[in-house]
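Trainee: File coords01.cif below, mmCIF, C-alpha atoms and all ligand atoms:
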```
data_run
loop_
_atom_site.group_PDB
_atom_site.id
_atom_site.type_symbol
_atom_site.label_atom_id
_atom_site.label_comp_id
_atom_site.auth_asym_id
_atom_site.auth_seq_id
_atom_site.Cartn_x
_atom_site.Cartn_y
_atom_site.Cartn_z
ATOM 1 C CA MET A 7 -42.970 -21.246 18.274
ATOM 2 C CA ARG A 8 -44.078 -23.817 15.699
ATOM 3 C CA ALA A 9 -47.646 -23.824 14.412
ATOM 4 C CA LEU A 10 -49.388 -26.761 12.734
ATOM 5 C CA ILE A 11 -51.983 -26.286 9.973
ATOM 6 C CA ILE A 12 -53.670 -29.257 8.316
ATOM 7 C CA GLY A 13 -55.800 -29.129 5.194
ATOM 8 C CA ARG A 14 -56.618 -30.998 2.001
ATOM 9 C CA PHE A 15 -55.836 -27.961 -0.181
ATOM 10 C CA GLN A 16 -57.978 -29.050 -3.170
ATOM 11 C CA PRO A 17 -56.831 -26.569 -4.417
ATOM 12 C CA PHE A 18 -54.685 -24.257 -2.234
ATOM 13 C CA HIS A 19 -56.723 -21.012 -2.115
ATOM 14 C CA LEU A 20 -56.630 -17.502 -0.622
ATOM 15 C CA GLY A 21 -58.483 -18.630 2.539
ATOM 16 C CA HIS A 22 -55.629 -21.093 3.193
ATOM 17 C CA LEU A 23 -53.086 -18.362 2.467
ATOM 18 C CA ARG A 24 -54.776 -15.953 4.915
ATOM 19 C CA LEU A 25 -54.903 -18.708 7.536
ATOM 20 C CA ILE A 26 -51.176 -19.396 7.146
ATOM 21 C CA GLU A 27 -50.366 -15.659 7.250
ATOM 22 C CA PHE A 28 -52.498 -15.346 10.412
ATOM 23 C CA ALA A 29 -50.513 -18.149 12.070
ATOM 24 C CA ALA A 30 -47.186 -16.804 10.806
ATOM 25 C CA ARG A 31 -47.759 -13.529 12.669
ATOM 26 C CA GLU A 32 -47.608 -15.503 15.938
ATOM 27 C CA ALA A 33 -45.312 -18.385 15.006
ATOM 28 C CA ASP A 34 -41.685 -18.590 13.899
ATOM 29 C CA SER A 35 -42.415 -21.423 11.506
ATOM 30 C CA ILE A 36 -45.391 -23.293 10.088
ATOM 31 C CA ILE A 37 -45.760 -27.027 9.697
ATOM 32 C CA ILE A 38 -48.235 -27.709 6.898
ATOM 33 C CA GLY A 39 -49.921 -31.114 6.813
ATOM 34 C CA ILE A 40 -51.460 -32.200 3.520
ATOM 35 C CA GLY A 41 -54.410 -34.331 4.589
ATOM 36 C CA SER A 42 -55.977 -37.179 2.576
ATOM 37 C CA SER A 43 -52.575 -37.295 0.900
ATOM 38 C CA GLN A 44 -53.252 -40.707 -0.658
ATOM 39 C CA GLU A 45 -56.165 -39.283 -2.649
ATOM 40 C CA SER A 46 -56.076 -37.884 -6.191
ATOM 41 C CA ASN A 47 -58.250 -37.839 -9.301
ATOM 42 C CA THR A 48 -61.555 -37.894 -7.460
ATOM 43 C CA ARG A 49 -64.264 -35.209 -7.407
ATOM 44 C CA GLU A 50 -63.488 -34.148 -3.837
ATOM 45 C CA ASN A 51 -59.746 -34.671 -4.157
ATOM 46 C CA PRO A 52 -58.724 -33.963 -7.750
ATOM 47 C CA PHE A 53 -55.057 -33.183 -7.045
ATOM 48 C CA SER A 54 -52.275 -35.450 -5.811
ATOM 49 C CA ALA A 55 -50.239 -34.605 -2.730
ATOM 50 C CA ALA A 56 -47.267 -33.718 -4.974
ATOM 51 C CA GLU A 57 -49.416 -31.299 -6.984
ATOM 52 C CA ARG A 58 -50.854 -29.713 -3.831
ATOM 53 C CA ARG A 59 -47.331 -29.373 -2.440
ATOM 54 C CA ARG A 60 -46.312 -27.511 -5.611
ATOM 55 C CA MET A 61 -49.295 -25.129 -5.254
ATOM 56 C CA ILE A 62 -48.303 -24.338 -1.663
ATOM 57 C CA GLU A 63 -44.578 -23.977 -2.397
ATOM 58 C CA SER A 64 -45.299 -21.657 -5.341
ATOM 59 C CA SER A 65 -47.629 -19.472 -3.256
ATOM 60 C CA LEU A 66 -45.743 -18.902 0.005
ATOM 61 C CA ALA A 67 -43.038 -16.251 0.209
ATOM 62 C CA GLU A 68 -41.314 -14.866 3.309
ATOM 63 C CA ILE A 69 -42.839 -17.598 5.475
ATOM 64 C CA THR A 70 -40.766 -20.364 7.042
ATOM 65 C CA PHE A 71 -42.600 -23.629 6.478
ATOM 66 C CA GLU A 72 -42.252 -27.379 6.019
ATOM 67 C CA ILE A 73 -44.780 -29.655 4.324
ATOM 68 C CA PHE A 74 -45.706 -33.204 5.378
ATOM 69 C CA GLU A 75 -48.146 -35.633 3.791
ATOM 70 C CA ILE A 76 -50.772 -37.181 6.054
ATOM 71 C CA PRO A 77 -52.740 -40.096 4.601
ATOM 72 C CA ASP A 78 -56.209 -40.804 5.993
ATOM 73 C CA ILE A 79 -56.437 -43.345 8.748
ATOM 74 C CA ASN A 80 -60.246 -43.221 9.165
ATOM 75 C CA ASN A 81 -60.071 -43.645 12.922
ATOM 76 C CA ASN A 82 -60.656 -40.518 15.030
ATOM 77 C CA GLU A 83 -59.380 -42.170 18.187
ATOM 78 C CA ILE A 84 -55.845 -42.597 16.858
ATOM 79 C CA TRP A 85 -55.790 -39.806 14.280
ATOM 80 C CA VAL A 86 -53.757 -37.333 16.397
ATOM 81 C CA SER A 87 -51.096 -39.939 17.217
ATOM 82 C CA HIS A 88 -51.007 -40.848 13.511
ATOM 83 C CA VAL A 89 -50.393 -37.161 12.651
ATOM 84 C CA LYS A 90 -47.720 -36.890 15.352
ATOM 85 C CA GLU A 91 -45.847 -39.870 13.923
ATOM 86 C CA ILE A 92 -45.493 -38.019 10.628
ATOM 87 C CA ILE A 93 -44.795 -34.417 11.619
ATOM 88 C CA PRO A 94 -42.093 -32.878 13.846
ATOM 89 C CA GLU A 95 -42.814 -31.387 17.298
ATOM 90 C CA PHE A 96 -45.191 -28.414 17.264
ATOM 91 C CA ASP A 97 -46.514 -25.957 19.856
ATOM 92 C CA SER A 98 -50.039 -25.105 18.647
ATOM 93 C CA VAL A 99 -52.568 -26.322 16.109
ATOM 94 C CA TYR A 100 -54.237 -23.491 14.192
ATOM 95 C CA THR A 101 -57.682 -24.559 13.061
ATOM 96 C CA ASN A 102 -61.309 -23.578 12.699
ATOM 97 C CA ALA A 103 -62.476 -27.146 12.048
ATOM 98 C CA GLU A 104 -64.587 -28.437 14.925
ATOM 99 C CA LEU A 105 -63.617 -32.121 14.836
ATOM 100 C CA GLU A 106 -59.926 -31.345 14.438
ATOM 101 C CA ARG A 107 -60.084 -28.894 17.358
ATOM 102 C CA HIS A 108 -61.838 -31.478 19.527
ATOM 103 C CA LEU A 109 -59.417 -34.309 18.711
ATOM 104 C CA PHE A 110 -56.279 -32.241 19.314
ATOM 105 C CA LYS A 111 -57.650 -30.808 22.579
ATOM 106 C CA GLU A 112 -58.558 -34.288 23.778
ATOM 107 C CA ALA A 113 -54.994 -35.390 23.013
ATOM 108 C CA GLY A 114 -53.696 -32.540 25.207
ATOM 109 C CA CYS A 115 -52.454 -30.276 22.405
ATOM 110 C CA LYS A 116 -52.724 -26.503 22.398
ATOM 111 C CA VAL A 117 -55.315 -25.319 19.899
ATOM 112 C CA ARG A 118 -55.546 -21.786 18.550
ATOM 113 C CA GLU A 119 -58.955 -21.026 17.093
ATOM 114 C CA THR A 120 -58.755 -19.134 13.818
ATOM 115 C CA PRO A 121 -61.280 -17.004 11.935
ATOM 116 C CA PHE A 122 -62.727 -17.827 8.525
ATOM 117 C CA PHE A 123 -61.781 -15.390 5.777
ATOM 118 C CA ASP A 124 -64.530 -14.746 3.209
ATOM 119 C CA ARG A 125 -65.635 -18.365 3.576
ATOM 120 C CA GLY A 126 -68.444 -18.019 1.016
ATOM 121 C CA ASN A 127 -65.852 -17.590 -1.724
ATOM 122 C CA TYR A 128 -62.571 -18.888 -0.300
ATOM 123 C CA SER A 129 -63.521 -22.550 -0.189
ATOM 124 C CA GLY A 130 -62.266 -25.584 -2.081
ATOM 125 C CA THR A 131 -65.819 -26.775 -2.675
ATOM 126 C CA GLU A 132 -66.802 -23.367 -4.109
ATOM 127 C CA ILE A 133 -63.758 -23.251 -6.403
ATOM 128 C CA ARG A 134 -64.407 -26.772 -7.743
ATOM 129 C CA ARG A 135 -68.087 -25.874 -8.214
ATOM 130 C CA ARG A 136 -67.205 -22.728 -10.157
ATOM 131 C CA ILE A 137 -64.797 -24.600 -12.425
ATOM 132 C CA LEU A 138 -67.486 -27.189 -13.187
ATOM 133 C CA ALA A 139 -70.028 -24.433 -13.845
ATOM 134 C CA GLY A 140 -67.605 -22.527 -16.091
ATOM 135 C CA GLU A 141 -67.643 -19.526 -13.720
ATOM 136 C CA VAL A 142 -64.738 -17.235 -12.819
ATOM 137 C CA TRP A 143 -62.621 -18.779 -10.014
ATOM 138 C CA GLU A 144 -59.131 -17.481 -10.725
ATOM 139 C CA ASP A 145 -59.442 -14.561 -8.268
ATOM 140 C CA LEU A 146 -59.915 -16.996 -5.356
ATOM 141 C CA VAL A 147 -56.423 -18.530 -5.487
ATOM 142 C CA PRO A 148 -52.884 -17.155 -5.192
ATOM 143 C CA GLU A 149 -50.710 -16.691 -8.305
ATOM 144 C CA GLY A 150 -48.740 -19.815 -7.402
ATOM 145 C CA THR A 151 -51.820 -22.045 -7.491
ATOM 146 C CA LEU A 152 -52.907 -20.473 -10.770
ATOM 147 C CA LYS A 153 -49.541 -21.256 -12.339
ATOM 148 C CA VAL A 154 -49.572 -24.887 -11.182
ATOM 149 C CA MET A 155 -53.235 -25.294 -12.218
ATOM 150 C CA GLU A 156 -52.214 -24.218 -15.733
ATOM 151 C CA GLU A 157 -49.190 -26.539 -15.811
ATOM 152 C CA ILE A 158 -51.163 -29.606 -14.738
ATOM 153 C CA LYS A 159 -54.345 -28.671 -16.664
ATOM 154 C CA GLY A 160 -56.259 -28.611 -13.400
ATOM 155 C CA GLU A 161 -59.463 -27.119 -14.825
ATOM 156 C CA ALA A 162 -59.762 -29.863 -17.435
ATOM 157 C CA ARG A 163 -59.164 -32.512 -14.778
ATOM 158 C CA ILE A 164 -61.957 -31.190 -12.549
ATOM 159 C CA ARG A 165 -64.356 -31.093 -15.526
ATOM 160 C CA GLU A 166 -63.488 -34.669 -16.524
ATOM 161 C CA LEU A 167 -64.013 -35.904 -12.970
ATOM 162 C CA GLY A 168 -67.191 -33.916 -12.495
HETATM 163 P P1 LIG B 201 -63.168 -28.220 0.859
HETATM 164 O O1 LIG B 201 -64.358 -27.357 0.547
HETATM 165 O O2 LIG B 201 -62.662 -29.038 -0.270
HETATM 166 O O3 LIG B 201 -63.326 -28.994 2.139
HETATM 167 P P2 LIG B 201 -61.767 -26.101 2.238
HETATM 168 O O4 LIG B 201 -61.845 -24.750 1.639
HETATM 169 O O5 LIG B 201 -62.639 -26.389 3.425
HETATM 170 O O6 LIG B 201 -61.966 -27.160 1.087
HETATM 171 P P3 LIG B 201 -59.646 -27.594 3.445
HETATM 172 O O7 LIG B 201 -58.417 -28.008 2.723
HETATM 173 O O8 LIG B 201 -60.700 -28.581 3.751
HETATM 174 O O9 LIG B 201 -60.273 -26.355 2.611
HETATM 175 O O10 LIG B 201 -59.279 -26.826 4.778
HETATM 176 C C1 LIG B 201 -58.003 -26.728 5.338
HETATM 177 C C2 LIG B 201 -58.066 -25.829 6.532
HETATM 178 O O11 LIG B 201 -58.210 -24.493 6.059
HETATM 179 C C3 LIG B 201 -59.270 -26.092 7.451
HETATM 180 O O12 LIG B 201 -58.896 -25.886 8.786
HETATM 181 C C4 LIG B 201 -60.241 -25.049 7.001
HETATM 182 O O13 LIG B 201 -61.162 -24.690 8.008
HETATM 183 C C5 LIG B 201 -59.308 -23.902 6.664
HETATM 184 N N1 LIG B 201 -59.926 -22.959 5.740
HETATM 185 C C6 LIG B 201 -60.484 -23.246 4.558
HETATM 186 N N2 LIG B 201 -61.012 -22.145 3.998
HETATM 187 C C7 LIG B 201 -60.760 -21.130 4.869
HETATM 188 C C8 LIG B 201 -61.058 -19.741 4.876
HETATM 189 N N3 LIG B 201 -61.744 -19.166 3.881
HETATM 190 N N4 LIG B 201 -60.667 -19.004 5.938
HETATM 191 C C9 LIG B 201 -60.013 -19.580 6.958
HETATM 192 N N5 LIG B 201 -59.693 -20.885 7.019
HETATM 193 C C10 LIG B 201 -60.057 -21.659 5.984
HETATM 194 MG MG MG B 202 -62.903 -28.429 4.170
#
```
Using structure tokens, write down the structure from this file.

Mentor:
Amino acid sequence: MRALIIGRFQPFHLGHLRLIEFAAREADSIIIGIGSSQESNTRENPFSAAERRRMIESSLAEITFEIFEIPDINNNEIWVSHVKEIIPEFDSVYTNAELERHLFKEAGCKVRETPFFDRGNYSGTEIRRRILAGEVWEDLVPEGTLKVMEEIKGEARIRELG
């Protein structure tokens, strides 16, 4: 069984990791879609798709996965077919995002609703906010993300953009 998980991963954090581990308990392999892949160096999307891919690849062990980049199309009506053109066949979409759930269901895809894990802390917005505020954020991401953040000077980038 192949599960699809789509996110922006700005940056890849422990909520994403828990979500992928949740799906991996039911699926044989995970297809990870990096959304808004054309974006980088903005407040909401500081990291490029290549950088986000490195964070994910450095953080996942013992999980079979493949990563695909999904640029924005800004058209909900054709978004699912746009995603399907990029990624291989999948069995279920794992998501807790309402619009994504609605669009995939409408397109006839199987959707598995997932829980949020410590959403108050495990959130891209919260991590970017903490970095800007000079607060501790390092405990909210896996080791792999931390390593890549250091290599690409991710903290400094977020501060410059903010
Ligand atoms: P941002 O605040 O930048 O939007 P985010 O934390 O919401 O970041 P996304 O990359 O937008 O992360 O989300 C990717 C997917 O991961 C979405 O389906 C989202 O609901 C899910 N997700 C994000 N955080 C968690 C979490 N703490 N627990 C479970 N799922 C999560
Ligand atoms: Mg989000």

Trainee: So, with all atoms listed in the file as the atoms that count, which of A:Ile92, A:Leu138, A:Val86, A:Gly130 lies closest to Gly114 of chain A?

Mentor: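 Answer, going by the shortest atom-to-atom distance: A:Val86.
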
Trainee: Report, as lines of an AutoDock Vina configuration file, the axis-aligned box around all atoms of ligand LIG 201 (chain B) present in the file, extended by 3 Å on each side; give centre and edge lengths in Å to one decimal place.

Mentor:
```
center_x = -61.2
center_y = -24.0
center_z = 4.3
size_x = 12.4
size_y = 16.0
size_z = 15.1
```

Trainee: By how many Å are atom CA of Glu104 of chain A and atom CA of Ser42 of chain A apart?

Mentor: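 Atom CA of Glu104 of chain A sits 17.4 Å away from atom CA of Ser42 of chain A.
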
Trainee: Using atom CA of Gln16 of chain A and atom O2 of ligand LIG 201 (chain B) as the two end points, give the distance in Å to one decimal.

Mentor: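 Distance between the two atoms: 5.5 Å.
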
Trainee: Given all atoms listed in the file as the basis, pick out the residue of A:Glu166, A:Glu32, A:Glu132, A:Asp97 nearest to ligand MG 202 (chain B).

Mentor: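 Once distances to ligand MG 202 (chain B) are computed over all atoms listed in the file, the minimum belongs to A:Glu132.
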
Trainee: Between atom CA of Ser35 of chain A and atom CA of Ile79 of chain A, what is the distance, to one decimal in Å?

Mentor: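 Computed distance, atom CA of Ser35 of chain A to atom CA of Ile79 of chain A, equals 26.2 Å.
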
Trainee: Is it possible to dump segment 27-115 of chain A as a PDB file, in the first residue's frame, including just C-alpha atoms?

Mentor:
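Produced file selection-v1.pdb, reproduced below:
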```pdb
ATOM      1  CA  GLU A  27       5.613   7.430  10.988  1.00  0.00           C
ATOM      2  CA  PHE A  28       1.830   7.180  11.511  1.00  0.00           C
ATOM      3  CA  ALA A  29       1.324   6.525   7.788  1.00  0.00           C
ATOM      4  CA  ALA A  30       4.278   4.134   7.608  1.00  0.00           C
ATOM      5  CA  ARG A  31       2.634   1.848  10.175  1.00  0.00           C
ATOM      6  CA  GLU A  32      -0.159   1.216   7.645  1.00  0.00           C
ATOM      7  CA  ALA A  33       1.667   1.654   4.340  1.00  0.00           C
ATOM      8  CA  ASP A  34       4.545  -0.181   2.676  1.00  0.00           C
ATOM      9  CA  SER A  35       5.958   3.018   1.243  1.00  0.00           C
ATOM     10  CA  ILE A  36       5.404   6.760   1.470  1.00  0.00           C
ATOM     11  CA  ILE A  37       5.274   9.221  -1.387  1.00  0.00           C
ATOM     12  CA  ILE A  38       6.230  12.652  -0.067  1.00  0.00           C
ATOM     13  CA  GLY A  39       5.153  15.690  -2.082  1.00  0.00           C
ATOM     14  CA  ILE A  40       7.003  18.938  -1.436  1.00  0.00           C
ATOM     15  CA  GLY A  41       4.362  21.590  -2.051  1.00  0.00           C
ATOM     16  CA  SER A  42       5.003  25.186  -3.183  1.00  0.00           C
ATOM     17  CA  SER A  43       8.241  23.734  -4.523  1.00  0.00           C
ATOM     18  CA  GLN A  44       8.944  26.802  -6.673  1.00  0.00           C
ATOM     19  CA  GLU A  45       9.131  29.001  -3.574  1.00  0.00           C
ATOM     20  CA  SER A  46      12.244  29.913  -1.575  1.00  0.00           C
ATOM     21  CA  ASN A  47      13.674  32.896   0.284  1.00  0.00           C
ATOM     22  CA  THR A  48      10.338  34.293   1.393  1.00  0.00           C
ATOM     23  CA  ARG A  49       9.011  34.673   4.950  1.00  0.00           C
ATOM     24  CA  GLU A  50       6.514  31.826   4.585  1.00  0.00           C
ATOM     25  CA  ASN A  51       8.774  29.700   2.405  1.00  0.00           C
ATOM     26  CA  PRO A  52      12.386  30.369   3.384  1.00  0.00           C
ATOM     27  CA  PHE A  53      13.836  27.090   2.082  1.00  0.00           C
ATOM     28  CA  SER A  54      14.153  25.806  -1.475  1.00  0.00           C
ATOM     29  CA  ALA A  55      12.734  22.450  -2.513  1.00  0.00           C
ATOM     30  CA  ALA A  56      16.285  21.028  -2.663  1.00  0.00           C
ATOM     31  CA  GLU A  57      16.971  22.176   0.903  1.00  0.00           C
ATOM     32  CA  ARG A  58      13.660  20.766   2.159  1.00  0.00           C
ATOM     33  CA  ARG A  59      14.428  17.488   0.389  1.00  0.00           C
ATOM     34  CA  ARG A  60      17.764  17.331   2.234  1.00  0.00           C
ATOM     35  CA  MET A  61      16.014  17.914   5.594  1.00  0.00           C
ATOM     36  CA  ILE A  62      13.598  15.055   4.893  1.00  0.00           C
ATOM     37  CA  GLU A  63      16.256  12.664   3.565  1.00  0.00           C
ATOM     38  CA  SER A  64      18.491  13.341   6.584  1.00  0.00           C
ATOM     39  CA  SER A  65      15.634  12.741   9.037  1.00  0.00           C
ATOM     40  CA  LEU A  66      13.963   9.548   7.798  1.00  0.00           C
ATOM     41  CA  ALA A  67      15.441   6.162   8.656  1.00  0.00           C
ATOM     42  CA  GLU A  68      13.873   2.720   8.217  1.00  0.00           C
ATOM     43  CA  ILE A  69      11.044   4.184   6.136  1.00  0.00           C
ATOM     44  CA  THR A  70      10.664   3.493   2.424  1.00  0.00           C
ATOM     45  CA  PHE A  71       9.917   6.790   0.717  1.00  0.00           C
ATOM     46  CA  GLU A  72      10.231   8.802  -2.484  1.00  0.00           C
ATOM     47  CA  ILE A  73      10.124  12.592  -2.748  1.00  0.00           C
ATOM     48  CA  PHE A  74       8.495  14.629  -5.532  1.00  0.00           C
ATOM     49  CA  GLU A  75       8.334  18.390  -5.993  1.00  0.00           C
ATOM     50  CA  ILE A  76       4.909  19.921  -6.570  1.00  0.00           C
ATOM     51  CA  PRO A  77       4.858  23.554  -7.700  1.00  0.00           C
ATOM     52  CA  ASP A  78       1.764  25.636  -6.949  1.00  0.00           C
ATOM     53  CA  ILE A  79      -0.842  25.821  -9.645  1.00  0.00           C
ATOM     54  CA  ASN A  80      -3.247  28.162  -7.791  1.00  0.00           C
ATOM     55  CA  ASN A  81      -6.329  26.438  -9.154  1.00  0.00           C
ATOM     56  CA  ASN A  82      -8.195  24.120  -6.764  1.00  0.00           C
ATOM     57  CA  GLU A  83     -10.263  22.598  -9.545  1.00  0.00           C
ATOM     58  CA  ILE A  84      -7.264  21.054 -11.296  1.00  0.00           C
ATOM     59  CA  TRP A  85      -4.882  20.766  -8.350  1.00  0.00           C
ATOM     60  CA  VAL A  86      -5.382  17.003  -7.784  1.00  0.00           C
ATOM     61  CA  SER A  87      -4.808  16.187 -11.464  1.00  0.00           C
ATOM     62  CA  HIS A  88      -1.718  18.426 -11.361  1.00  0.00           C
ATOM     63  CA  VAL A  89      -0.411  16.432  -8.357  1.00  0.00           C
ATOM     64  CA  LYS A  90      -1.206  13.135 -10.092  1.00  0.00           C
ATOM     65  CA  GLU A  91       0.800  14.159 -13.151  1.00  0.00           C
ATOM     66  CA  ILE A  92       3.880  14.523 -10.963  1.00  0.00           C
ATOM     67  CA  ILE A  93       3.677  11.615  -8.525  1.00  0.00           C
ATOM     68  CA  PRO A  94       3.381   7.844  -9.095  1.00  0.00           C
ATOM     69  CA  GLU A  95       0.202   5.849  -8.341  1.00  0.00           C
ATOM     70  CA  PHE A  96      -0.852   5.889  -4.683  1.00  0.00           C
ATOM     71  CA  ASP A  97      -3.571   4.203  -2.615  1.00  0.00           C
ATOM     72  CA  SER A  98      -4.409   6.749   0.110  1.00  0.00           C
ATOM     73  CA  VAL A  99      -3.737  10.379   0.943  1.00  0.00           C
ATOM     74  CA  TYR A 100      -2.840  10.929   4.599  1.00  0.00           C
ATOM     75  CA  THR A 101      -3.833  14.420   5.656  1.00  0.00           C
ATOM     76  CA  ASN A 102      -5.427  16.552   8.331  1.00  0.00           C
ATOM     77  CA  ALA A 103      -5.760  19.598   6.067  1.00  0.00           C
ATOM     78  CA  GLU A 104      -9.403  20.339   5.304  1.00  0.00           C
ATOM     79  CA  LEU A 105      -9.058  21.708   1.764  1.00  0.00           C
ATOM     80  CA  GLU A 106      -6.671  18.952   0.719  1.00  0.00           C
ATOM     81  CA  ARG A 107      -9.033  16.311   2.135  1.00  0.00           C
ATOM     82  CA  HIS A 108     -11.978  17.852   0.288  1.00  0.00           C
ATOM     83  CA  LEU A 109     -10.179  18.120  -3.063  1.00  0.00           C
ATOM     84  CA  PHE A 110      -8.841  14.558  -3.003  1.00  0.00           C
ATOM     85  CA  LYS A 111     -12.221  13.130  -1.936  1.00  0.00           C
ATOM     86  CA  GLU A 112     -13.956  15.048  -4.707  1.00  0.00           C
ATOM     87  CA  ALA A 113     -11.461  13.573  -7.177  1.00  0.00           C
ATOM     88  CA  GLY A 114     -12.399  10.073  -5.957  1.00  0.00           C
ATOM     89  CA  CYS A 115      -9.222   9.366  -3.974  1.00  0.00           C
TER      90      CYS A 115
END
```
